[in-house]
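**Student:** Below you'll find protein.csv; it's CSV, C-alpha atoms.
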chain,number,residue,atom,x,y,z
A,27,MET,CA,131.3,160.6,98.4
A,28,ASP,CA,127.9,160.6,96.7
A,29,PHE,CA,126.4,158.0,94.4
A,30,CYS,CA,125.0,158.6,91.0
A,31,LEU,CA,121.6,157.0,91.0
A,32,ASP,CA,121.3,157.1,87.2
A,33,HIS,CA,124.7,155.6,86.4
A,34,GLN,CA,124.7,153.4,89.5
A,35,GLN,CA,128.3,154.3,90.4
A,36,PRO,CA,130.1,156.6,92.9
A,37,VAL,CA,130.9,160.2,92.0
A,38,CYS,CA,133.4,162.7,93.5
A,39,VAL,CA,132.5,166.1,94.8
A,40,VAL,CA,134.1,167.9,91.8
A,41,CYS,CA,132.0,165.9,89.4
A,42,ARG,CA,128.9,166.5,91.5
A,43,ASP,CA,129.4,170.3,91.8
A,44,SER,CA,130.7,170.8,88.3
A,45,GLU,CA,129.3,173.9,86.5
A,46,GLN,CA,128.4,171.7,83.5
A,47,PRO,CA,124.7,171.2,83.7
A,48,THR,CA,123.4,167.6,84.3
A,49,ASP,CA,120.0,166.2,85.2
A,50,HIS,CA,121.5,163.1,87.0
A,51,ARG,CA,120.3,162.3,90.5
A,52,PHE,CA,122.8,161.9,93.4
A,53,GLY,CA,122.5,160.5,96.8
A,54,PRO,CA,124.7,159.4,99.7
A,55,VAL,CA,126.5,156.1,99.1
A,56,GLU,CA,125.2,154.6,102.4
A,57,GLU,CA,121.6,155.3,101.4
A,58,ALA,CA,122.1,154.1,97.8
A,59,ALA,CA,123.8,150.9,99.1
A,60,LYS,CA,121.0,150.3,101.6
A,61,GLN,CA,118.3,150.7,98.9
A,62,SER,CA,120.2,148.5,96.4
A,63,LYS,CA,120.7,145.8,99.0
A,64,ARG,CA,117.0,145.8,99.8
A,65,GLN,CA,116.2,145.5,96.1
A,66,LEU,CA,118.6,142.7,95.7
A,67,GLN,CA,117.3,140.9,98.8
A,68,GLU,CA,113.8,141.2,97.4
A,69,THR,CA,115.0,139.7,94.1
A,70,LEU,CA,116.8,137.0,96.0
A,71,GLU,CA,113.7,135.8,97.9
A,72,PRO,CA,112.1,133.9,95.0
A,73,LEU,CA,115.4,132.1,94.4
A,74,LYS,CA,115.5,131.1,98.1
A,75,GLU,CA,111.9,129.9,97.9
A,76,LYS,CA,112.7,128.0,94.7
A,77,LEU,CA,115.8,126.5,96.4
A,78,GLN,CA,113.7,125.3,99.3
A,79,SER,CA,111.1,123.9,96.9
A,80,PHE,CA,113.8,122.1,95.0
A,81,GLU,CA,115.3,120.7,98.2
A,82,ARG,CA,111.8,119.4,99.2
A,83,VAL,CA,111.3,117.8,95.8
A,84,LYS,CA,114.8,116.3,96.0
A,85,ILE,CA,113.8,114.7,99.4
A,86,GLU,CA,110.6,113.4,97.8
A,87,PHE,CA,112.6,112.0,94.9
A,88,GLU,CA,115.0,110.3,97.2
A,89,GLN,CA,112.1,108.8,99.2
A,90,THR,CA,110.6,107.7,96.0
A,91,ALA,CA,113.8,106.0,94.9
A,92,LYS,CA,113.9,104.2,98.2
A,93,HIS,CA,110.2,103.2,97.7
A,94,ILE,CA,111.0,101.9,94.2
A,95,LYS,CA,113.7,99.6,95.7
A,96,VAL,CA,111.2,98.4,98.4
A,97,GLN,CA,108.6,97.8,95.7
A,98,ALA,CA,111.1,95.9,93.5
A,99,ARG,CA,112.2,93.6,96.4
A,100,HIS,CA,108.6,93.0,97.5
A,101,THR,CA,107.6,92.2,93.9
A,102,GLU,CA,110.6,90.0,93.5
A,103,ARG,CA,109.7,88.0,96.6
A,104,GLN,CA,106.1,87.6,95.4
A,105,ILE,CA,107.3,86.4,92.0
A,106,LYS,CA,109.5,83.8,93.6
A,107,GLU,CA,106.7,82.7,95.9
A,108,GLN,CA,104.4,82.2,92.9
A,109,PHE,CA,107.1,80.2,91.0
A,110,GLU,CA,107.9,78.1,94.1
A,111,LYS,CA,104.2,77.3,94.3
A,112,LEU,CA,104.3,76.2,90.7
A,113,HIS,CA,107.5,74.3,91.2
A,114,ARG,CA,106.1,72.4,94.2
A,115,PHE,CA,103.0,71.5,92.1
A,116,LEU,CA,105.2,70.2,89.2
A,117,GLU,CA,107.5,68.3,91.6
A,118,GLU,CA,104.5,66.7,93.4
A,119,GLU,CA,102.9,65.9,90.0
A,120,GLU,CA,106.2,64.4,88.7
A,121,GLU,CA,106.5,62.3,91.9
A,122,ALA,CA,102.9,61.0,91.7
A,123,ARG,CA,103.3,60.0,88.0
A,124,MET,CA,106.7,58.3,88.7
A,125,ALA,CA,105.1,56.5,91.6
A,126,ALA,CA,102.3,55.3,89.4
A,127,LEU,CA,104.8,54.0,86.9
A,128,ARG,CA,106.8,52.2,89.6
A,129,VAL,CA,103.6,50.6,90.9
A,130,GLU,CA,102.7,49.4,87.4
A,131,GLU,CA,106.2,48.1,86.9
A,132,GLU,CA,106.3,46.2,90.2
A,133,GLN,CA,102.9,44.6,89.5
A,134,LYS,CA,103.7,43.5,86.0
A,135,ILE,CA,107.2,42.3,87.0
A,136,TRP,CA,105.6,40.2,89.8
A,137,ARG,CA,103.1,38.7,87.4
A,138,MET,CA,105.8,37.8,84.9
A,139,LYS,CA,107.9,36.4,87.8
A,140,MET,CA,105.0,34.1,88.9
A,141,LYS,CA,104.6,32.9,85.3
A,142,ILE,CA,108.3,32.3,84.9
A,143,GLU,CA,108.4,30.3,88.2
A,144,SER,CA,105.4,28.2,87.1
A,145,LEU,CA,107.0,27.6,83.7
A,146,SER,CA,110.3,26.7,85.3
A,147,ARG,CA,108.6,24.0,87.4
A,148,GLU,CA,107.0,22.6,84.3
A,149,ILE,CA,110.3,22.6,82.5
A,150,THR,CA,112.0,20.8,85.4
A,151,ALA,CA,109.3,18.2,85.6
A,152,LEU,CA,109.4,17.6,81.8
A,153,THR,CA,113.2,17.5,81.9
A,154,ASP,CA,113.1,14.8,84.6
A,155,THR,CA,110.5,12.8,82.8
A,156,ILE,CA,112.4,12.9,79.5
A,157,ARG,CA,115.8,12.1,81.1
A,158,THR,CA,114.4,9.1,83.1
A,159,THR,CA,112.6,7.7,80.1
A,160,GLU,CA,115.7,8.1,77.8
A,161,ASP,CA,117.8,6.3,80.4
A,162,GLU,CA,115.3,3.4,80.3
A,163,LEU,CA,115.4,3.4,76.5
A,164,ARG,CA,119.1,2.8,76.7
A,165,ALA,CA,118.6,-0.4,78.9
A,166,ASP,CA,119.1,-3.9,77.3
A,167,ASN,CA,116.1,-5.4,75.6
A,168,VAL,CA,115.1,-7.9,78.3
A,169,SER,CA,115.3,-5.3,81.1
A,170,PHE,CA,113.4,-2.7,78.9
A,171,LEU,CA,110.6,-5.2,78.2
A,172,LEU,CA,110.3,-6.2,81.8
A,173,ASN,CA,109.9,-2.5,82.9
A,174,TYR,CA,108.2,-1.3,79.7
A,175,LYS,CA,104.8,-0.7,81.4
A,176,ALA,CA,106.1,1.8,84.1
A,177,PRO,CA,107.8,4.3,81.7
A,178,VAL,CA,104.9,4.2,79.3
A,179,GLU,CA,102.5,5.1,82.2
A,180,ARG,CA,104.9,7.8,83.4
A,181,VAL,CA,105.0,9.5,79.9
A,182,GLN,CA,101.3,9.1,79.4
A,183,GLN,CA,100.4,10.6,82.8
A,184,ARG,CA,102.5,13.8,82.0
A,185,PRO,CA,99.9,16.0,80.3
A,186,LEU,CA,101.0,17.9,77.2
A,187,LEU,CA,100.1,21.4,78.3
A,188,GLU,CA,99.5,24.2,75.8
A,189,GLU,CA,102.4,26.4,75.2
A,190,PRO,CA,102.1,29.4,77.5
A,191,GLN,CA,101.2,32.7,75.8
A,192,LEU,CA,102.0,36.3,76.8
A,193,ALA,CA,98.9,37.8,78.2
A,194,SER,CA,97.4,41.1,76.9
A,195,GLY,CA,98.4,44.1,78.9
A,196,ALA,CA,101.7,42.6,80.1
A,197,LEU,CA,103.8,45.6,79.0
A,198,ILE,CA,104.0,49.0,80.5
A,199,GLU,CA,101.2,51.2,79.2
A,200,LYS,CA,103.4,54.0,78.0
A,201,ALA,CA,100.5,55.9,76.4
A,202,LYS,CA,98.8,56.2,79.8
A,203,HIS,CA,101.9,57.8,81.3
A,204,LEU,CA,103.1,59.8,78.4
A,205,GLY,CA,100.1,60.6,76.2
A,206,ASN,CA,99.3,64.4,76.3
A,207,LEU,CA,101.4,64.6,79.4
A,208,SER,CA,102.2,68.3,79.3
A,209,PHE,CA,98.6,69.1,78.4
A,210,ASN,CA,97.1,67.0,81.2
A,211,ILE,CA,99.4,68.6,83.7
A,212,TRP,CA,98.6,72.1,82.4
A,213,ASN,CA,94.9,71.2,82.5
A,214,LYS,CA,95.2,70.1,86.1
A,215,MET,CA,97.0,73.3,87.0
A,216,LYS,CA,93.8,75.3,86.5
A,217,ASP,CA,92.7,74.1,89.9
A,218,LEU,CA,95.9,75.8,91.3
A,219,VAL,CA,95.6,79.1,89.6
A,220,SER,CA,92.9,81.8,89.5
A,221,TYR,CA,92.2,84.6,87.0
A,222,SER,CA,90.7,88.0,87.8
A,223,PRO,CA,89.5,90.1,84.8
A,224,VAL,CA,90.6,93.2,86.8
A,225,VAL,CA,93.7,93.6,88.9
A,226,LEU,CA,94.2,96.6,91.2
A,227,ASP,CA,96.9,99.2,90.6
A,228,PRO,CA,98.8,99.8,93.9
A,229,ASN,CA,100.3,103.0,92.6
A,230,SER,CA,96.9,104.6,92.5
A,231,ALA,CA,95.8,103.4,96.0
A,232,HIS,CA,95.2,105.8,98.8
A,233,PRO,CA,97.9,105.4,101.5
A,234,VAL,CA,95.3,104.1,103.9
A,235,LEU,CA,94.3,101.1,101.7
A,236,VAL,CA,96.0,97.8,102.0
A,237,LEU,CA,95.9,95.6,98.9
A,238,SER,CA,96.2,91.8,98.9
A,239,GLU,CA,99.3,90.0,97.6
A,240,GLY,CA,97.4,89.1,94.4
A,241,LEU,CA,96.1,92.7,94.0
A,242,THR,CA,92.4,91.5,94.0
A,243,SER,CA,91.2,92.8,97.4
A,244,LEU,CA,91.5,96.0,99.5
A,245,ILE,CA,90.9,96.8,103.1
A,246,ARG,CA,91.3,100.0,105.1
A,247,GLY,CA,94.3,99.9,107.3
A,248,GLN,CA,96.9,102.3,108.8
A,249,GLU,CA,98.1,105.2,106.6
A,250,LYS,CA,101.5,104.4,105.1
A,251,ASN,CA,104.3,106.7,104.3
A,252,ILE,CA,104.5,106.2,100.5
A,253,PRO,CA,105.2,108.6,97.6
A,254,ASP,CA,102.4,111.0,96.7
A,255,ASN,CA,102.8,110.2,93.0
A,256,PRO,CA,100.4,111.8,90.4
A,257,GLU,CA,98.5,108.5,90.0
A,258,ARG,CA,97.6,108.2,93.7
A,259,PHE,CA,94.3,109.3,95.3
A,260,ASP,CA,94.9,111.5,98.3
A,261,HIS,CA,91.4,112.2,99.6
A,262,TYR,CA,89.0,109.4,98.9
A,263,PHE,CA,90.0,105.9,100.0
A,264,SER,CA,90.1,104.8,96.4
A,265,VAL,CA,92.1,102.7,93.9
A,266,LEU,CA,91.8,102.0,90.2
A,267,GLY,CA,92.1,98.9,88.1
A,268,SER,CA,95.5,98.5,86.5
A,269,GLU,CA,94.1,98.4,83.0
A,270,GLY,CA,91.8,100.9,81.3
A,271,PHE,CA,89.4,100.3,78.5
A,272,ASN,CA,88.6,102.4,75.4
A,273,SER,CA,86.5,100.0,73.5
A,274,GLY,CA,84.5,96.7,73.8
A,275,THR,CA,82.6,95.2,76.7
A,276,HIS,CA,84.2,94.3,80.0
A,277,SER,CA,82.8,93.0,83.3
A,278,TRP,CA,84.0,92.2,86.8
A,279,ASP,CA,82.4,90.9,90.0
A,280,VAL,CA,83.0,92.4,93.4
A,281,LEU,CA,82.2,90.9,96.8
A,282,VAL,CA,81.0,93.8,98.9
A,283,GLY,CA,79.8,91.6,101.7
A,284,HIS,CA,79.0,93.5,104.9
A,285,SER,CA,81.1,96.5,104.0
A,286,ALA,CA,79.5,99.6,105.5
A,287,TYR,CA,80.8,102.0,102.9
A,288,TRP,CA,81.9,101.5,99.3
A,289,LYS,CA,81.9,102.9,95.7
A,290,LEU,CA,82.1,101.0,92.5
A,291,GLY,CA,82.2,102.2,88.9
A,292,VAL,CA,84.6,103.7,86.4
A,293,LYS,CA,86.8,106.8,86.2
A,294,ALA,CA,88.2,108.5,83.2
A,295,GLU,CA,91.9,108.5,82.6
A,296,SER,CA,92.2,112.3,82.7
A,297,ALA,CA,90.0,112.7,85.8
A,298,GLN,CA,91.5,114.4,88.8
A,299,ARG,CA,92.7,112.1,91.5
A,300,LYS,CA,93.7,114.6,94.1
A,301,ARG,CA,91.5,116.4,96.6
A,302,ILE,CA,87.7,116.2,96.7
A,303,ASN,CA,86.8,115.6,93.1
A,304,LEU,CA,84.4,113.1,91.5
A,305,SER,CA,84.6,114.6,88.0
A,306,GLY,CA,85.0,112.0,85.3
A,307,SER,CA,83.4,109.3,87.5
A,308,TRP,CA,80.3,107.1,87.1
A,309,GLY,CA,79.1,104.4,89.5
A,310,ILE,CA,77.0,103.4,92.5
A,311,TRP,CA,77.8,103.7,96.2
A,312,PHE,CA,76.6,102.4,99.5
A,313,CYS,CA,76.6,104.5,102.6
A,314,GLU,CA,74.6,104.5,105.9
A,315,GLY,CA,72.4,101.6,104.6
A,316,LYS,CA,71.4,103.4,101.4
A,317,TYR,CA,72.3,102.8,97.7
A,318,SER,CA,72.9,105.7,95.3
A,319,ALA,CA,74.0,106.2,91.7
A,320,TRP,CA,76.3,109.0,90.9
A,321,SER,CA,77.9,110.6,87.8
A,322,SER,CA,79.9,113.7,87.2
A,323,LEU,CA,76.8,115.8,87.1
A,324,ALA,CA,74.3,114.3,89.6
A,325,SER,CA,73.4,111.5,92.0
A,326,SER,CA,70.2,109.6,92.8
A,327,VAL,CA,69.0,107.2,95.5
A,328,LEU,CA,68.3,103.6,94.4
A,329,SER,CA,65.7,101.3,95.8
A,330,VAL,CA,67.8,98.2,96.3
A,331,GLN,CA,67.7,95.4,98.9
A,332,ARG,CA,71.0,94.5,100.6
A,333,ILE,CA,73.3,92.6,98.3
A,334,GLN,CA,76.5,90.7,98.8
A,335,LYS,CA,78.0,90.7,95.2
A,336,ILE,CA,77.8,93.2,92.4
A,337,ARG,CA,78.7,92.6,88.7
A,338,VAL,CA,79.9,95.8,87.0
A,339,LYS,CA,79.6,95.8,83.2
A,340,LEU,CA,81.1,98.5,81.0
A,341,ASP,CA,79.9,98.6,77.4
A,342,TRP,CA,82.2,101.4,76.2
A,343,ASN,CA,81.0,101.5,72.6
A,344,ARG,CA,77.3,101.7,73.6
A,345,GLY,CA,78.1,104.1,76.5
A,346,GLN,CA,76.5,102.0,79.2
A,347,LEU,CA,77.7,101.1,82.7
A,348,SER,CA,75.4,98.6,84.3
A,349,PHE,CA,75.2,96.9,87.7
A,350,THR,CA,73.6,93.5,88.5
A,351,ASP,CA,73.5,90.9,91.2
A,352,PRO,CA,75.4,87.9,89.8
A,353,ASP,CA,73.7,85.5,92.2
A,354,THR,CA,70.2,86.3,91.0
A,355,ASN,CA,71.0,88.1,87.7
A,356,LYS,CA,68.8,90.9,89.0
A,357,HIS,CA,69.4,94.3,87.4
A,358,ILE,CA,70.4,97.1,89.9
A,359,HIS,CA,71.0,100.2,87.8
A,360,THR,CA,72.4,101.4,84.4
A,361,LEU,CA,74.2,104.7,83.8
A,362,THR,CA,74.5,106.0,80.2
A,363,HIS,CA,77.2,108.3,78.9
A,364,THR,CA,79.1,108.8,75.6
A,365,PHE,CA,82.6,107.7,76.6
A,366,THR,CA,85.4,109.5,74.7
A,367,GLU,CA,88.5,108.3,76.6
A,368,LYS,CA,90.0,105.3,78.4
A,369,MET,CA,87.9,104.3,81.4
A,370,PHE,CA,89.4,102.6,84.5
A,371,PRO,CA,87.6,100.3,87.0
A,372,TYR,CA,87.1,102.4,90.2
A,373,PHE,CA,86.9,101.1,93.8
A,374,SER,CA,86.5,103.0,97.0
A,375,THR,CA,85.8,101.7,100.6
A,376,GLY,CA,86.1,102.7,104.2
A,377,ASP,CA,86.0,99.0,105.0
A,378,HIS,CA,86.8,96.2,102.6
A,379,LEU,CA,86.1,94.9,99.0
A,380,ARG,CA,87.2,91.8,97.1
A,381,LEU,CA,87.3,91.1,93.3
A,382,LEU,CA,86.0,87.7,92.5
A,383,PRO,CA,87.9,85.3,90.2
A,384,VAL,CA,86.3,83.9,87.1
A,385,ASN,CA,86.0,80.2,86.4
A,386,VAL,CA,88.9,78.8,84.4
A,387,SER,CA,88.2,76.1,81.9
A,388,VAL,CA,90.0,74.3,79.0
A,389,THR,CA,88.1,73.7,75.8
A,390,LEU,CA,89.4,71.6,72.9
A,391,ASP,CA,88.8,72.7,69.3
A,392,GLN,CA,88.7,69.4,67.3
A,393,ARG,CA,88.0,71.1,64.0
A,394,ARG,CA,90.4,70.2,61.3
Could you write out this structure as structure tokens?
**Tutor:**
Amino acid sequence: MDFCLDHQQPVCVVCRDSEQPTDHRFGPVEEAAKQSKRQLQETLEPLKEKLQSFERVKIEFEQTAKHIKVQARHTERQIKEQFEKLHRFLEEEEEARMAALRVEEEQKIWRMKMKIESLSREITALTDTIRTTEDELRADNVSFLLNYKAPVERVQQRPLLEEPQLASGALIEKAKHLGNLSFNIWNKMKDLVSYSPVVLDPNSAHPVLVLSEGLTSLIRGQEKNIPDNPERFDHYFSVLGSEGFNSGTHSWDVLVGHSAYWKLGVKAESAQRKRINLSGSWGIWFCEGKYSAWSSLASSVLSVQRIQKIRVKLDWNRGQLSFTDPDTNKHIHTLTHTFTEKMFPYFSTGDHLRLLPVNVSVTLDQRR
């Protein structure tokens, strides 16, 4: 049996050898089947590749789901630790204030007890004097007159003391214990807490970087098996701040210390984070003992003495990114660019970096 290549179906010998003219093409079934199978196999290959791709992505998604659970539990533990720290502070503060109240109570109760005991002795003495004298007043006239001198001297010798008065400050000073209590505790808590104007985003950190619990420092460690999500850097040992800026002025201080290699600056939200790519980035960097400034277009060497801290200041509206030494207020370098999108603080190191907290203070506005 042959196969009609145009109709793609088998034909018998009678149909094939019919005297009725036809321009159809015929071939052996075996050959036609082999060719069709080869064509179908070729068509099937992209589906197999797509299946393998989907299976790889599914594994990545499953690993990501596991990582999300790990992240959630780790974050939950950190939240609990922070609240436990605050709870301990409040419990210790409560106990200290209760102890101060108990001390004041004991001191003032003791003082009142001493005064009461002294007054009780006076009352007893006066009572005895009055009772004895009244007994003598009830004696017959002759006996009274014979002993008159003794009771008179006894009564006259008993001084008429002034009536005791309650001293000032005898009561519990409730205002000292309760006045602005919650505010005073809150004000005291500023010594317990710290504030960083920039917090690192762990979802953008290269797998080799280890971030601190408070997300304010980074150090190079061992590469971790974590999801390669779109936000994450995969070539440079970099990480971004968690919040980007598209207006206003913002600054943050970084302790570079003795780190042998680092980059500081900003990176555009749309900039590529994968592979070797510094597009959409502006900043300064330190490598092999030299300082340089870089932008998306060029880089230049800076003449700078070794510094320990750097203040990065972004003036988005004026298009300026400046760097100074916060210890000496000495200007290091300023880059200019017309920013048109959200810019994120950018950090990169082969060693270590730490964001410095700002001083926390409480001010009272007494305007009415």
**Student:** Atom CA of Ala98 of chain A to atom CA of Pro228 of chain A: how many Å, to one decimal?
**Tutor:**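 These two atoms are separated by 12.9 Å.
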**Student:** If I take atom CA of Val386 of chain A and atom CA of Lys216 of chain A, how far is one from the other in Å, to one decimal?
**Tutor:** 6.4 Å
**Student:** Using only C-alpha atoms, which protein or nucleic acid residues come within 12 Å of Lys316 of chain A? Drop anything in the same chain fewer than 4 positions from it, and give the result as a list in words.
**Tutor:** Ala286, Tyr287, Trp288, Lys289, Ile310, Trp311, Phe312, Ser326, Val327, Leu328, Ser329, Val330, Gln331, Arg332 and Ile333 of chain A
**Student:** Smallest atom-to-atom distance to Leu241 of chain A: which of A:Arg82, A:Lys214, A:Arg64, A:Arg380, using all atoms listed in the file?
**Tutor:**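 So, comparing all the options, the nearest one is A:Arg380.
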**Student:** How many Å lie between atom CA of Trp212 of chain A and atom CA of Leu197 of chain A, rounded to one decimal?
**Tutor:**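 Computing the Euclidean distance for atom CA of Trp212 of chain A and atom CA of Leu197 of chain A yields 27.2 Å.
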**Student:** Restricting the calculation to all atoms listed in the file, which member of A:Cys313, A:Leu112, A:Met369, A:Leu381 is positioned closest to Asp217 of chain A?
**Tutor:**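 Using all atoms listed in the file, Asp217 of chain A sits closest to A:Leu112.
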**Student:** For Gln334 of chain A, please output as a count of residues only all residues within 8 Å (counting all atoms listed in the file; exclusion window: fewer than 2 positions along the same chain).
**Tutor:** 6
**Student:** Of the residues A:Lys175, A:His113, A:Arg344, A:Lys250, which is the one nearest to Gly274 of chain A, using only C-alpha atoms?
**Tutor:**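 Ranked by minimum distance to Gly274 of chain A, first place goes to A:Arg344.
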**Student:** So, with only C-alpha atoms as the atoms that count, which of A:Gln104, A:Lys60, A:Pro233, A:Pro72 lies closest to Gly247 of chain A?
**Tutor:** A:Pro233
**Student:** Taking (91.5, 101.8, 75.5) in the coordinates of the supplied file, I want to know which residues reach to within 10 Å of it, counting only C-alpha atoms; could you give the answer as a list of chain:residue names?
**Tutor:** A:Glu269, A:Gly270, A:Phe271, A:Asn272, A:Ser273, A:Gly274, A:Glu295, A:Trp342, A:Thr366, A:Glu367, A:Lys368, A:Met369, A:Phe370
**Student:** With a distance cut-off of 12 Å and only C-alpha atoms, select the neighbouring residues of Asn303 of chain A, excluding the residue or stretch itself and same-chain residues fewer than 4 positions from it, and output the selection as a PyMOL selection string.
**Tutor:** chain A and resi 259-262+264+293+297-299+307+321-323
**Student:** Could you write out the selected residues, including C-alpha atoms, as a PDB file, in the frame of the given file?
**Tutor:**
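Once written, part22.pdb looks like this:
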ATOM      1  CA  PHE A 259      94.300 109.300  95.300  1.00  0.00           C
ATOM      2  CA  ASP A 260      94.900 111.500  98.300  1.00  0.00           C
ATOM      3  CA  HIS A 261      91.400 112.200  99.600  1.00  0.00           C
ATOM      4  CA  TYR A 262      89.000 109.400  98.900  1.00  0.00           C
ATOM      5  CA  SER A 264      90.100 104.800  96.400  1.00  0.00           C
ATOM      6  CA  LYS A 293      86.800 106.800  86.200  1.00  0.00           C
ATOM      7  CA  ALA A 297      90.000 112.700  85.800  1.00  0.00           C
ATOM      8  CA  GLN A 298      91.500 114.400  88.800  1.00  0.00           C
ATOM      9  CA  ARG A 299      92.700 112.100  91.500  1.00  0.00           C
ATOM     10  CA  SER A 307      83.400 109.300  87.500  1.00  0.00           C
ATOM     11  CA  SER A 321      77.900 110.600  87.800  1.00  0.00           C
ATOM     12  CA  SER A 322      79.900 113.700  87.200  1.00  0.00           C
ATOM     13  CA  LEU A 323      76.800 115.800  87.100  1.00  0.00           C
TER      14      LEU A 323
END
**Student:** Which residue gives the smallest distance to Thr90 of chain A among A:Leu244, A:Leu116, A:Ile252, A:Ala196, with all atoms listed in the file counted?
**Tutor:**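 Going through A:Leu244, A:Leu116, A:Ile252, A:Ala196 one by one, the smallest distance to Thr90 of chain A is for A:Ile252.
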**Student:** What would segment 96-102 of chain A look like with all heavy atoms in place, written as a CSV table (one decimal), in the coordinates of the input?
**Tutor:**
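Printed below is rebuild-v7.csv as written:
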chain,number,residue,atom,x,y,z
A,96,VAL,N,112.1,99.2,97.5
A,96,VAL,CA,111.2,98.4,98.4
A,96,VAL,C,110.2,97.7,97.5
A,96,VAL,O,109.9,96.5,97.7
A,96,VAL,CB,110.5,99.3,99.5
A,96,VAL,CG1,109.5,98.5,100.2
A,96,VAL,CG2,111.5,99.8,100.4
A,97,GLN,N,109.6,98.4,96.6
A,97,GLN,CA,108.6,97.8,95.7
A,97,GLN,C,109.2,96.7,94.9
A,97,GLN,O,108.6,95.6,94.7
A,97,GLN,CB,108.1,98.8,94.7
A,97,GLN,CG,106.9,99.7,95.2
A,97,GLN,CD,106.3,100.6,94.1
A,97,GLN,OE1,107.1,101.2,93.4
A,97,GLN,NE2,105.0,100.5,94.0
A,98,ALA,N,110.4,96.9,94.4
A,98,ALA,CA,111.1,95.9,93.5
A,98,ALA,C,111.4,94.6,94.3
A,98,ALA,O,111.1,93.5,93.9
A,98,ALA,CB,112.4,96.5,92.9
A,99,ARG,N,111.9,94.8,95.6
A,99,ARG,CA,112.2,93.6,96.4
A,99,ARG,C,111.0,92.9,96.8
A,99,ARG,O,110.9,91.7,96.8
A,99,ARG,CB,113.0,94.1,97.6
A,99,ARG,CG,114.3,94.7,97.4
A,99,ARG,CD,115.4,93.8,96.9
A,99,ARG,NE,115.2,93.6,95.4
A,99,ARG,CZ,115.6,94.4,94.5
A,99,ARG,NH1,116.1,95.6,94.8
A,99,ARG,NH2,115.4,94.1,93.2
A,100,HIS,N,109.9,93.6,97.1
A,100,HIS,CA,108.6,93.0,97.5
A,100,HIS,C,108.1,92.2,96.3
A,100,HIS,O,107.6,91.1,96.4
A,100,HIS,CB,107.7,94.1,98.0
A,100,HIS,CG,106.4,93.5,98.5
A,100,HIS,ND1,105.2,93.7,97.9
A,100,HIS,CD2,106.1,92.7,99.5
A,100,HIS,CE1,104.2,93.1,98.5
A,100,HIS,NE2,104.8,92.4,99.5
A,101,THR,N,108.1,92.9,95.1
A,101,THR,CA,107.6,92.2,93.9
A,101,THR,C,108.4,91.0,93.6
A,101,THR,O,107.9,89.9,93.2
A,101,THR,CB,107.6,93.2,92.7
A,101,THR,OG1,106.8,94.4,93.1
A,101,THR,CG2,107.0,92.6,91.5
A,102,GLU,N,109.7,91.1,93.7
A,102,GLU,CA,110.6,90.0,93.5
A,102,GLU,C,110.3,88.8,94.4
A,102,GLU,O,110.2,87.6,93.9
A,102,GLU,CB,112.1,90.4,93.7
A,102,GLU,CG,113.1,89.4,93.5
A,102,GLU,CD,114.5,89.9,93.7
A,102,GLU,OE1,114.9,89.9,94.9
A,102,GLU,OE2,115.2,90.4,92.8
